[in-house]
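Working notes, structure below.
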Amino acid sequence: MNHIGGAWVPSATGRTAPNINPADTRDVVGNFPVSDAEDARRALQAADAAFAAWRDTPISKRAAILFRAAQYLEDHADAFARELTREEGKGLNLAKDEVLRSAQTIRFYAVEGQSFTGETFVNDDPDMVVYSQREPLGVAAVISPWNFPISIPARKIAPALIAGNTVVFKPSSDAPLSGYRLTEAFVQAGLPAGVLNLVIGPAAAVGAAITGAPVVRAISFTGSTAAGEQIHRSAGLTTRTQMELGGKNPLIVLADADLDRAVDLAVKGGFSLSGQACTGTSRVLVDAKVRQAFT
């Protein structure tokens with residue numbers, strides 16, 4: 001189900017697709033919506049309609065909801081970790097670490113958000129006060145990948161919400177259950193209707209409809225460089241964009257390195273998290289003097 005305007009609803013297309021365990025393709029983790037631009041439009045409308053009330057919600061009440069969402073993740077960490085491993089493939093211990101780290105992330109922003117301040121400025125008119133204040137932008141679009149399907153969206157959604165923004169969240173279709181569970185945590189924590197909207201579906205049908213909408217004032221995207229460039233080109237000039245894109249990450253081994261440790265780091269950097277970390281080691285640059293010994 002999608003979550004739009006405070007309700008769990010099927011997609012406008014009525015179609016679903018199986019979420020299959022990559023380690024055992026006989027294991028269907030669940031069936032999830034194949035949403036389209038109409039679902040995106042409804043989610044954006046819901047987020048826009050909820051913005052005024054959420055912006056005016058006292059910061060302490062927003063923080064309390066985030067604290068409860070974090071607690072919900074912690075309370076269900078074992079079950080959510082098993083689901084994450086089934087749909088994404090990383091080791092169960094690493095999946096549980098991700099769920100717990102996501103809870104910590106949400107708590108961090110709940111606290112950090114309450115420290116927001118503006119500034120006052122000296123001026124020559126005794127009857128005038130010159131000051132600045134922080135204000136939420138409005139509707140924020142969050143598009144996240146499959147490799148960290150809870151922690152990456154948690155890092156995006158929590159600061160957006162604590163600052164008073166509303167969110168339309170599109171998780172990866174390769175790991176939708178974890179995005180569903182993260183949304184569920186905020187819903188169970190008492191987040192008002194329309195403040196966080198979940199739309200599950202293919203990027204081609206849903207992503208462009210979200211990121212190109214004039215109502216979207218901020219976009220946070222993690223994914224391929226090509227997709228990020230396309231989003232950046234299509235976003236409005238007044239829309240803030242935050243792109244975490246692909247890269248190549250070298251491990252550099254110098255001649256005086258502890259080679260046993262360097263080998264251990266190379267293996268962990270390249271193959272931990274099923275080799276699915278965007279900061280994973282993809283190249284090793286070794287001083288020629290120790291190349292044979294390192295190899």
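Ordering of the structure tokens sets the chain letters (A, B, ...); residue numbers start at 1 within each chain; ligands are numbered from 1 in the order shown.
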Secondary structure check, helix (DSSP H, G or I) residues of stretch 29-191 of chain A, as an mmCIF file with N, CA, C and O atoms, in the first residue's frame:
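File produced: result-v9.cif:
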data_model
loop_
_atom_site.group_PDB
_atom_site.id
_atom_site.type_symbol
_atom_site.label_atom_id
_atom_site.label_comp_id
_atom_site.auth_asym_id
_atom_site.auth_seq_id
_atom_site.Cartn_x
_atom_site.Cartn_y
_atom_site.Cartn_z
ATOM 1 N N ALA A 37 1.963 8.483 -12.178
ATOM 2 C CA ALA A 37 1.975 9.929 -11.952
ATOM 3 C C ALA A 37 0.742 10.402 -11.191
ATOM 4 O O ALA A 37 0.811 11.398 -10.461
ATOM 5 N N GLU A 38 -0.379 9.709 -11.327
ATOM 6 C CA GLU A 38 -1.580 10.097 -10.590
ATOM 7 C C GLU A 38 -1.385 9.920 -9.092
ATOM 8 O O GLU A 38 -1.800 10.764 -8.293
ATOM 9 N N ASP A 39 -0.737 8.843 -8.685
ATOM 10 C CA ASP A 39 -0.432 8.643 -7.265
ATOM 11 C C ASP A 39 0.512 9.738 -6.769
ATOM 12 O O ASP A 39 0.336 10.256 -5.660
ATOM 13 N N ALA A 40 1.496 10.076 -7.569
ATOM 14 C CA ALA A 40 2.419 11.149 -7.191
ATOM 15 C C ALA A 40 1.662 12.461 -7.021
ATOM 16 O O ALA A 40 1.903 13.213 -6.063
ATOM 17 N N ARG A 41 0.749 12.749 -7.945
ATOM 18 C CA ARG A 41 -0.012 13.997 -7.867
ATOM 19 C C ARG A 41 -0.843 14.051 -6.584
ATOM 20 O O ARG A 41 -0.890 15.071 -5.898
ATOM 21 N N ARG A 42 -1.488 12.949 -6.243
ATOM 22 C CA ARG A 42 -2.297 12.914 -5.023
ATOM 23 C C ARG A 42 -1.428 13.094 -3.780
ATOM 24 O O ARG A 42 -1.819 13.775 -2.816
ATOM 25 N N ALA A 43 -0.244 12.483 -3.786
ATOM 26 C CA ALA A 43 0.662 12.623 -2.647
ATOM 27 C C ALA A 43 1.144 14.059 -2.494
ATOM 28 O O ALA A 43 1.229 14.593 -1.377
ATOM 29 N N LEU A 44 1.461 14.697 -3.606
ATOM 30 C CA LEU A 44 1.910 16.085 -3.566
ATOM 31 C C LEU A 44 0.801 17.001 -3.071
ATOM 32 O O LEU A 44 1.043 17.927 -2.283
ATOM 33 N N GLN A 45 -0.420 16.763 -3.513
ATOM 34 C CA GLN A 45 -1.553 17.563 -3.042
ATOM 35 C C GLN A 45 -1.732 17.402 -1.542
ATOM 36 O O GLN A 45 -1.996 18.382 -0.824
ATOM 37 N N ALA A 46 -1.619 16.165 -1.056
ATOM 38 C CA ALA A 46 -1.782 15.916 0.379
ATOM 39 C C ALA A 46 -0.699 16.615 1.182
ATOM 40 O O ALA A 46 -0.966 17.214 2.234
ATOM 41 N N ALA A 47 0.544 16.546 0.689
ATOM 42 C CA ALA A 47 1.646 17.201 1.397
ATOM 43 C C ALA A 47 1.477 18.707 1.411
ATOM 44 O O ALA A 47 1.725 19.372 2.427
ATOM 45 N N ASP A 48 1.045 19.255 0.296
ATOM 46 C CA ASP A 48 0.839 20.701 0.204
ATOM 47 C C ASP A 48 -0.272 21.150 1.146
ATOM 48 O O ASP A 48 -0.147 22.175 1.829
ATOM 49 N N ALA A 49 -1.343 20.359 1.205
ATOM 50 C CA ALA A 49 -2.475 20.722 2.064
ATOM 51 C C ALA A 49 -2.121 20.641 3.546
ATOM 52 O O ALA A 49 -2.665 21.389 4.364
ATOM 53 N N ALA A 50 -1.192 19.740 3.891
ATOM 54 C CA ALA A 50 -0.835 19.552 5.301
ATOM 55 C C ALA A 50 0.240 20.517 5.772
ATOM 56 O O ALA A 50 0.486 20.628 6.983
ATOM 57 N N PHE A 51 0.862 21.235 4.855
ATOM 58 C CA PHE A 51 2.033 22.025 5.211
ATOM 59 C C PHE A 51 1.727 23.134 6.219
ATOM 60 O O PHE A 51 2.453 23.289 7.206
ATOM 61 N N ALA A 52 0.682 23.899 6.013
ATOM 62 C CA ALA A 52 0.425 25.064 6.875
ATOM 63 C C ALA A 52 0.282 24.653 8.342
ATOM 64 O O ALA A 52 0.862 25.279 9.240
ATOM 65 N N ALA A 53 -0.486 23.603 8.587
ATOM 66 C CA ALA A 53 -0.702 23.176 9.978
ATOM 67 C C ALA A 53 0.570 22.590 10.581
ATOM 68 O O ALA A 53 0.883 22.822 11.754
ATOM 69 N N TRP A 54 1.315 21.823 9.779
ATOM 70 C CA TRP A 54 2.542 21.224 10.302
ATOM 71 C C TRP A 54 3.595 22.295 10.565
ATOM 72 O O TRP A 54 4.310 22.249 11.575
ATOM 73 N N ARG A 55 3.692 23.279 9.703
ATOM 74 C CA ARG A 55 4.631 24.388 9.906
ATOM 75 C C ARG A 55 4.350 25.101 11.227
ATOM 76 O O ARG A 55 5.285 25.525 11.925
ATOM 77 N N ILE A 59 7.568 23.167 17.858
ATOM 78 C CA ILE A 59 8.732 22.325 17.610
ATOM 79 C C ILE A 59 8.814 21.177 18.606
ATOM 80 O O ILE A 59 9.223 20.060 18.252
ATOM 81 N N SER A 60 8.383 21.400 19.838
ATOM 82 C CA SER A 60 8.445 20.328 20.838
ATOM 83 C C SER A 60 7.500 19.186 20.480
ATOM 84 O O SER A 60 7.812 18.013 20.725
ATOM 85 N N LYS A 61 6.368 19.499 19.886
ATOM 86 C CA LYS A 61 5.425 18.449 19.477
ATOM 87 C C LYS A 61 5.952 17.701 18.258
ATOM 88 O O LYS A 61 5.787 16.481 18.147
ATOM 89 N N ARG A 62 6.588 18.420 17.350
ATOM 90 C CA ARG A 62 7.199 17.729 16.214
ATOM 91 C C ARG A 62 8.299 16.786 16.706
ATOM 92 O O ARG A 62 8.416 15.653 16.233
ATOM 93 N N ALA A 63 9.102 17.272 17.652
ATOM 94 C CA ALA A 63 10.186 16.445 18.187
ATOM 95 C C ALA A 63 9.643 15.217 18.900
ATOM 96 O O ALA A 63 10.207 14.118 18.774
ATOM 97 N N ALA A 64 8.560 15.375 19.629
ATOM 98 C CA ALA A 64 7.981 14.243 20.361
ATOM 99 C C ALA A 64 7.552 13.136 19.396
ATOM 100 O O ALA A 64 7.700 11.939 19.692
ATOM 101 N N ILE A 65 7.019 13.520 18.253
ATOM 102 C CA ILE A 65 6.629 12.523 17.249
ATOM 103 C C ILE A 65 7.854 11.792 16.727
ATOM 104 O O ILE A 65 7.851 10.564 16.567
ATOM 105 N N LEU A 66 8.934 12.526 16.461
ATOM 106 C CA LEU A 66 10.151 11.879 15.992
ATOM 107 C C LEU A 66 10.713 10.921 17.039
ATOM 108 O O LEU A 66 11.170 9.821 16.696
ATOM 109 N N PHE A 67 10.668 11.311 18.301
ATOM 110 C CA PHE A 67 11.139 10.417 19.358
ATOM 111 C C PHE A 67 10.320 9.121 19.379
ATOM 112 O O PHE A 67 10.868 8.028 19.532
ATOM 113 N N ARG A 68 9.020 9.243 19.226
ATOM 114 C CA ARG A 68 8.170 8.045 19.239
ATOM 115 C C ARG A 68 8.434 7.166 18.013
ATOM 116 O O ARG A 68 8.415 5.940 18.105
ATOM 117 N N ALA A 69 8.692 7.794 16.867
ATOM 118 C CA ALA A 69 9.014 7.022 15.671
ATOM 119 C C ALA A 69 10.315 6.244 15.867
ATOM 120 O O ALA A 69 10.423 5.074 15.470
ATOM 121 N N ALA A 70 11.301 6.879 16.465
ATOM 122 C CA ALA A 70 12.574 6.207 16.738
ATOM 123 C C ALA A 70 12.365 5.023 17.670
ATOM 124 O O ALA A 70 12.927 3.934 17.465
ATOM 125 N N GLN A 71 11.541 5.225 18.675
ATOM 126 C CA GLN A 71 11.273 4.138 19.621
ATOM 127 C C GLN A 71 10.552 2.981 18.938
ATOM 128 O O GLN A 71 10.831 1.804 19.217
ATOM 129 N N TYR A 72 9.667 3.288 18.012
ATOM 130 C CA TYR A 72 8.947 2.252 17.279
ATOM 131 C C TYR A 72 9.934 1.399 16.471
ATOM 132 O O TYR A 72 9.824 0.169 16.439
ATOM 133 N N LEU A 73 10.894 2.041 15.823
ATOM 134 C CA LEU A 73 11.904 1.285 15.088
ATOM 135 C C LEU A 73 12.710 0.391 16.024
ATOM 136 O O LEU A 73 12.972 -0.777 15.710
ATOM 137 N N GLU A 74 13.096 0.916 17.150
ATOM 138 C CA GLU A 74 13.870 0.119 18.102
ATOM 139 C C GLU A 74 13.062 -1.061 18.619
ATOM 140 O O GLU A 74 13.578 -2.180 18.737
ATOM 141 N N ASP A 75 11.792 -0.824 18.912
ATOM 142 C CA ASP A 75 10.947 -1.887 19.450
ATOM 143 C C ASP A 75 10.741 -3.023 18.447
ATOM 144 O O ASP A 75 10.471 -4.165 18.841
ATOM 145 N N ALA A 77 13.050 -3.751 15.939
ATOM 146 C CA ALA A 77 14.321 -3.855 15.218
ATOM 147 C C ALA A 77 14.587 -5.265 14.711
ATOM 148 O O ALA A 77 15.054 -5.457 13.581
ATOM 149 N N ASP A 78 14.301 -6.272 15.505
ATOM 150 C CA ASP A 78 14.582 -7.644 15.087
ATOM 151 C C ASP A 78 13.742 -8.029 13.872
ATOM 152 O O ASP A 78 14.256 -8.586 12.895
ATOM 153 N N ALA A 79 12.452 -7.754 13.932
ATOM 154 C CA ALA A 79 11.560 -8.117 12.828
ATOM 155 C C ALA A 79 11.880 -7.323 11.569
ATOM 156 O O ALA A 79 11.924 -7.877 10.461
ATOM 157 N N PHE A 80 12.105 -6.020 11.725
ATOM 158 C CA PHE A 80 12.396 -5.183 10.558
ATOM 159 C C PHE A 80 13.745 -5.567 9.938
ATOM 160 O O PHE A 80 13.913 -5.497 8.710
ATOM 161 N N ALA A 81 14.703 -5.976 10.767
ATOM 162 C CA ALA A 81 15.995 -6.394 10.242
ATOM 163 C C ALA A 81 15.854 -7.669 9.414
ATOM 164 O O ALA A 81 16.474 -7.798 8.343
ATOM 165 N N ARG A 82 15.059 -8.602 9.874
ATOM 166 C CA ARG A 82 14.849 -9.833 9.101
ATOM 167 C C ARG A 82 14.213 -9.515 7.741
ATOM 168 O O ARG A 82 14.589 -10.085 6.710
ATOM 169 N N GLU A 83 13.263 -8.594 7.738
ATOM 170 C CA GLU A 83 12.638 -8.193 6.479
ATOM 171 C C GLU A 83 13.634 -7.506 5.558
ATOM 172 O O GLU A 83 13.657 -7.744 4.344
ATOM 173 N N LEU A 84 14.471 -6.649 6.143
ATOM 174 C CA LEU A 84 15.461 -5.923 5.345
ATOM 175 C C LEU A 84 16.437 -6.907 4.678
ATOM 176 O O LEU A 84 16.755 -6.785 3.493
ATOM 177 N N THR A 85 16.891 -7.882 5.447
ATOM 178 C CA THR A 85 17.803 -8.879 4.892
ATOM 179 C C THR A 85 17.131 -9.673 3.775
ATOM 180 O O THR A 85 17.745 -9.945 2.731
ATOM 181 N N ARG A 86 15.890 -10.049 3.963
ATOM 182 C CA ARG A 86 15.186 -10.830 2.937
ATOM 183 C C ARG A 86 15.029 -10.053 1.634
ATOM 184 O O ARG A 86 15.166 -10.610 0.550
ATOM 185 N N GLU A 87 14.747 -8.762 1.720
ATOM 186 C CA GLU A 87 14.482 -8.034 0.482
ATOM 187 C C GLU A 87 15.714 -7.387 -0.130
ATOM 188 O O GLU A 87 15.726 -7.093 -1.323
ATOM 189 N N GLU A 88 16.757 -7.172 0.672
ATOM 190 C CA GLU A 88 17.917 -6.418 0.183
ATOM 191 C C GLU A 88 19.188 -7.245 0.122
ATOM 192 O O GLU A 88 20.025 -7.002 -0.740
ATOM 193 N N LEU A 92 22.250 -10.233 8.408
ATOM 194 C CA LEU A 92 21.232 -9.889 9.401
ATOM 195 C C LEU A 92 21.772 -8.946 10.469
ATOM 196 O O LEU A 92 21.077 -8.020 10.897
ATOM 197 N N ASN A 93 23.030 -9.164 10.900
ATOM 198 C CA ASN A 93 23.597 -8.267 11.910
ATOM 199 C C ASN A 93 23.719 -6.848 11.377
ATOM 200 O O ASN A 93 23.464 -5.875 12.097
ATOM 201 N N LEU A 94 24.091 -6.712 10.095
ATOM 202 C CA LEU A 94 24.214 -5.383 9.505
ATOM 203 C C LEU A 94 22.847 -4.750 9.289
ATOM 204 O O LEU A 94 22.694 -3.529 9.407
ATOM 205 N N ALA A 95 21.851 -5.566 8.979
ATOM 206 C CA ALA A 95 20.494 -5.048 8.820
ATOM 207 C C ALA A 95 19.966 -4.505 10.148
ATOM 208 O O ALA A 95 19.345 -3.435 10.199
ATOM 209 N N LYS A 96 20.217 -5.230 11.230
ATOM 210 C CA LYS A 96 19.762 -4.737 12.533
ATOM 211 C C LYS A 96 20.503 -3.467 12.926
ATOM 212 O O LYS A 96 19.903 -2.528 13.472
ATOM 213 N N ASP A 97 21.811 -3.421 12.630
ATOM 214 C CA ASP A 97 22.560 -2.192 12.900
ATOM 215 C C ASP A 97 21.933 -1.016 12.160
ATOM 216 O O ASP A 97 21.868 0.095 12.694
ATOM 217 N N GLU A 98 21.494 -1.252 10.926
ATOM 218 C CA GLU A 98 20.899 -0.165 10.145
ATOM 219 C C GLU A 98 19.607 0.335 10.764
ATOM 220 O O GLU A 98 19.356 1.542 10.840
ATOM 221 N N VAL A 99 18.765 -0.588 11.218
ATOM 222 C CA VAL A 99 17.500 -0.187 11.844
ATOM 223 C C VAL A 99 17.782 0.633 13.103
ATOM 224 O O VAL A 99 17.178 1.699 13.323
ATOM 225 N N LEU A 100 18.698 0.155 13.920
ATOM 226 C CA LEU A 100 19.002 0.863 15.165
ATOM 227 C C LEU A 100 19.670 2.204 14.889
ATOM 228 O O LEU A 100 19.400 3.198 15.581
ATOM 229 N N ARG A 101 20.552 2.237 13.882
ATOM 230 C CA ARG A 101 21.197 3.499 13.520
ATOM 231 C C ARG A 101 20.166 4.515 13.005
ATOM 232 O O ARG A 101 20.285 5.719 13.250
ATOM 233 N N SER A 102 19.166 4.025 12.302
ATOM 234 C CA SER A 102 18.114 4.914 11.810
ATOM 235 C C SER A 102 17.341 5.527 12.963
ATOM 236 O O SER A 102 16.977 6.710 12.921
ATOM 237 N N ALA A 103 17.089 4.728 13.990
ATOM 238 C CA ALA A 103 16.412 5.265 15.180
ATOM 239 C C ALA A 103 17.271 6.351 15.831
ATOM 240 O O ALA A 103 16.768 7.405 16.242
ATOM 241 N N GLN A 104 18.578 6.111 15.904
ATOM 242 C CA GLN A 104 19.479 7.120 16.462
ATOM 243 C C GLN A 104 19.473 8.394 15.616
ATOM 244 O O GLN A 104 19.508 9.513 16.150
ATOM 245 N N THR A 105 19.439 8.227 14.315
ATOM 246 C CA THR A 105 19.410 9.384 13.409
ATOM 247 C C THR A 105 18.171 10.227 13.648
ATOM 248 O O THR A 105 18.243 11.470 13.711
ATOM 249 N N ILE A 106 17.041 9.587 13.767
ATOM 250 C CA ILE A 106 15.786 10.320 13.984
ATOM 251 C C ILE A 106 15.832 11.062 15.311
ATOM 252 O O ILE A 106 15.415 12.223 15.411
ATOM 253 N N ARG A 107 16.373 10.415 16.337
ATOM 254 C CA ARG A 107 16.496 11.090 17.640
ATOM 255 C C ARG A 107 17.441 12.295 17.539
ATOM 256 O O ARG A 107 17.191 13.342 18.152
ATOM 257 N N PHE A 108 18.532 12.121 16.812
ATOM 258 C CA PHE A 108 19.486 13.221 16.667
ATOM 259 C C PHE A 108 18.791 14.453 16.101
ATOM 260 O O PHE A 108 18.958 15.569 16.621
ATOM 261 N N TYR A 109 18.018 14.284 15.043
ATOM 262 C CA TYR A 109 17.372 15.437 14.431
ATOM 263 C C TYR A 109 16.248 15.988 15.304
ATOM 264 O O TYR A 109 15.963 17.185 15.259
ATOM 265 N N ALA A 110 15.623 15.131 16.081
ATOM 266 C CA ALA A 110 14.605 15.626 17.005
ATOM 267 C C ALA A 110 15.209 16.602 18.002
ATOM 268 O O ALA A 110 14.590 17.609 18.371
ATOM 269 N N VAL A 111 16.426 16.316 18.444
ATOM 270 C CA VAL A 111 17.123 17.206 19.382
ATOM 271 C C VAL A 111 17.706 18.407 18.643
ATOM 272 O O VAL A 111 17.537 19.564 19.054
ATOM 273 N N GLU A 112 18.397 18.138 17.544
ATOM 274 C CA GLU A 112 19.070 19.208 16.800
ATOM 275 C C GLU A 112 18.073 20.253 16.309
ATOM 276 O O GLU A 112 18.362 21.453 16.305
ATOM 277 N N GLY A 113 16.913 19.793 15.894
ATOM 278 C CA GLY A 113 15.920 20.727 15.366
ATOM 279 C C GLY A 113 15.434 21.739 16.383
ATOM 280 O O GLY A 113 15.000 22.845 16.015
ATOM 281 N N GLN A 114 15.530 21.378 17.653
ATOM 282 C CA GLN A 114 15.079 22.299 18.704
ATOM 283 C C GLN A 114 16.123 23.356 19.043
ATOM 284 O O GLN A 114 15.875 24.226 19.890
ATOM 285 N N SER A 115 17.268 23.284 18.361
ATOM 286 C CA SER A 115 18.304 24.295 18.585
ATOM 287 C C SER A 115 18.322 25.353 17.493
ATOM 288 O O SER A 115 19.175 26.239 17.505
ATOM 289 N N SER A 151 18.073 3.603 6.533
ATOM 290 C CA SER A 151 18.917 4.665 7.090
ATOM 291 C C SER A 151 19.023 5.874 6.168
ATOM 292 O O SER A 151 19.039 7.026 6.648
ATOM 293 N N ILE A 152 19.107 5.669 4.847
ATOM 294 C CA ILE A 152 19.213 6.830 3.959
ATOM 295 C C ILE A 152 17.935 7.676 3.986
ATOM 296 O O ILE A 152 18.015 8.891 4.179
ATOM 297 N N PRO A 153 16.753 7.090 3.823
ATOM 298 C CA PRO A 153 15.562 7.947 3.928
ATOM 299 C C PRO A 153 15.362 8.544 5.316
ATOM 300 O O PRO A 153 14.841 9.659 5.433
ATOM 301 N N ALA A 154 15.786 7.846 6.364
ATOM 302 C CA ALA A 154 15.674 8.423 7.710
ATOM 303 C C ALA A 154 16.499 9.693 7.819
ATOM 304 O O ALA A 154 16.081 10.676 8.444
ATOM 305 N N ARG A 155 17.703 9.694 7.185
ATOM 306 C CA ARG A 155 18.565 10.882 7.218
ATOM 307 C C ARG A 155 17.962 12.045 6.444
ATOM 308 O O ARG A 155 18.328 13.201 6.680
ATOM 309 N N LYS A 156 17.066 11.759 5.526
ATOM 310 C CA LYS A 156 16.451 12.808 4.733
ATOM 311 C C LYS A 156 15.124 13.265 5.350
ATOM 312 O O LYS A 156 14.822 14.469 5.428
ATOM 313 N N ILE A 157 14.312 12.300 5.759
ATOM 314 C CA ILE A 157 12.954 12.602 6.218
ATOM 315 C C ILE A 157 12.969 13.291 7.579
ATOM 316 O O ILE A 157 12.242 14.270 7.799
ATOM 317 N N ALA A 158 13.784 12.797 8.506
ATOM 318 C CA ALA A 158 13.768 13.358 9.862
ATOM 319 C C ALA A 158 14.097 14.848 9.898
ATOM 320 O O ALA A 158 13.363 15.626 10.517
ATOM 321 N N PRO A 159 15.186 15.316 9.238
ATOM 322 C CA PRO A 159 15.442 16.764 9.278
ATOM 323 C C PRO A 159 14.383 17.576 8.552
ATOM 324 O O PRO A 159 14.084 18.700 8.956
ATOM 325 N N ALA A 160 13.813 17.020 7.487
ATOM 326 C CA ALA A 160 12.752 17.744 6.793
ATOM 327 C C ALA A 160 11.547 17.939 7.708
ATOM 328 O O ALA A 160 10.971 19.029 7.778
ATOM 329 N N LEU A 161 11.166 16.883 8.413
ATOM 330 C CA LEU A 161 9.981 16.961 9.274
ATOM 331 C C LEU A 161 10.205 17.869 10.480
ATOM 332 O O LEU A 161 9.329 18.674 10.826
ATOM 333 N N ILE A 162 11.344 17.745 11.140
ATOM 334 C CA ILE A 162 11.563 18.552 12.346
ATOM 335 C C ILE A 162 11.616 20.033 12.003
ATOM 336 O O ILE A 162 11.249 20.889 12.822
ATOM 337 N N PRO A 176 11.052 -1.998 -1.154
ATOM 338 C CA PRO A 176 9.957 -1.126 -0.708
ATOM 339 C C PRO A 176 9.476 -1.402 0.710
ATOM 340 O O PRO A 176 8.942 -0.497 1.363
ATOM 341 N N LEU A 177 9.662 -2.642 1.186
ATOM 342 C CA LEU A 177 9.123 -2.963 2.508
ATOM 343 C C LEU A 177 9.804 -2.151 3.599
ATOM 344 O O LEU A 177 9.154 -1.694 4.547
ATOM 345 N N SER A 178 11.104 -1.943 3.482
ATOM 346 C CA SER A 178 11.811 -1.163 4.500
ATOM 347 C C SER A 178 11.329 0.281 4.511
ATOM 348 O O SER A 178 11.172 0.891 5.575
ATOM 349 N N GLY A 179 11.090 0.849 3.316
ATOM 350 C CA GLY A 179 10.519 2.194 3.255
ATOM 351 C C GLY A 179 9.126 2.237 3.841
ATOM 352 O O GLY A 179 8.738 3.212 4.510
ATOM 353 N N TYR A 180 8.359 1.200 3.613
ATOM 354 C CA TYR A 180 7.018 1.075 4.201
ATOM 355 C C TYR A 180 7.117 1.076 5.728
ATOM 356 O O TYR A 180 6.351 1.754 6.411
ATOM 357 N N ARG A 181 8.069 0.300 6.269
ATOM 358 C CA ARG A 181 8.212 0.217 7.729
ATOM 359 C C ARG A 181 8.646 1.550 8.323
ATOM 360 O O ARG A 181 8.199 1.922 9.422
ATOM 361 N N LEU A 182 9.518 2.272 7.627
ATOM 362 C CA LEU A 182 9.925 3.580 8.133
ATOM 363 C C LEU A 182 8.729 4.525 8.169
ATOM 364 O O LEU A 182 8.520 5.252 9.155
ATOM 365 N N THR A 183 7.930 4.517 7.116
ATOM 366 C CA THR A 183 6.719 5.343 7.097
ATOM 367 C C THR A 183 5.770 4.921 8.211
ATOM 368 O O THR A 183 5.185 5.765 8.910
ATOM 369 N N GLU A 184 5.625 3.621 8.388
ATOM 370 C CA GLU A 184 4.768 3.085 9.445
ATOM 371 C C GLU A 184 5.190 3.603 10.820
ATOM 372 O O GLU A 184 4.337 3.924 11.669
ATOM 373 N N ALA A 185 6.502 3.699 11.036
ATOM 374 C CA ALA A 185 6.987 4.192 12.329
ATOM 375 C C ALA A 185 6.496 5.610 12.599
ATOM 376 O O ALA A 185 6.048 5.934 13.712
ATOM 377 N N PHE A 186 6.558 6.474 11.587
ATOM 378 C CA PHE A 186 6.084 7.847 11.769
ATOM 379 C C PHE A 186 4.566 7.907 11.920
ATOM 380 O O PHE A 186 4.041 8.711 12.702
ATOM 381 N N VAL A 187 3.873 7.062 11.187
ATOM 382 C CA VAL A 187 2.407 7.036 11.306
ATOM 383 C C VAL A 187 2.007 6.585 12.705
ATOM 384 O O VAL A 187 1.142 7.197 13.353
ATOM 385 N N GLN A 188 2.630 5.513 13.174
ATOM 386 C CA GLN A 188 2.314 5.016 14.512
ATOM 387 C C GLN A 188 2.710 6.012 15.590
ATOM 388 O O GLN A 188 2.149 6.007 16.690
#
Determine, using only C-alpha atoms, which residues of stretch 21-106 of chain A have any atom at most 6 Å from an atom of stretch 198-201 of chain A, and tabulate each with its shortest atom pair and distance in Å to one decimal place, rows ordered by chain and then rising number, as a tab-separated table.
residue	atom	partner	partner_atom	distance
A:Pro33	CA	A:Ile200	CA	5.8
A:Val34	CA	A:Gly201	CA	4.6
A:Ser35	CA	A:Gly201	CA	4.5
Write a file of the just-selected residues containing C-alpha atoms, as a compact mmCIF listing (two decimals), in the first residue's frame.
# COMPACT_ATOMS: atom_id res chain seq x y z
CA PRO A 33 2.08 -1.00 -5.65
CA VAL A 34 3.12 -0.11 -9.16
CA SER A 35 2.20 3.54 -8.81
Q. Of the candidates A:Pro126, A:Pro214, A:Gly270, A:Gly5, which one gets nearest to A:Val167 if we count only C-alpha atoms?
A.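 Distance minimum relative to A:Val167 lands on A:Gly5.
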(Q) Could you check the closest approach to A:Cys278 for each of A:Gly91, A:Pro145, A:Gly212, A:Pro202 and tell me which residue wins, using only C-alpha atoms? (A) A:Pro145
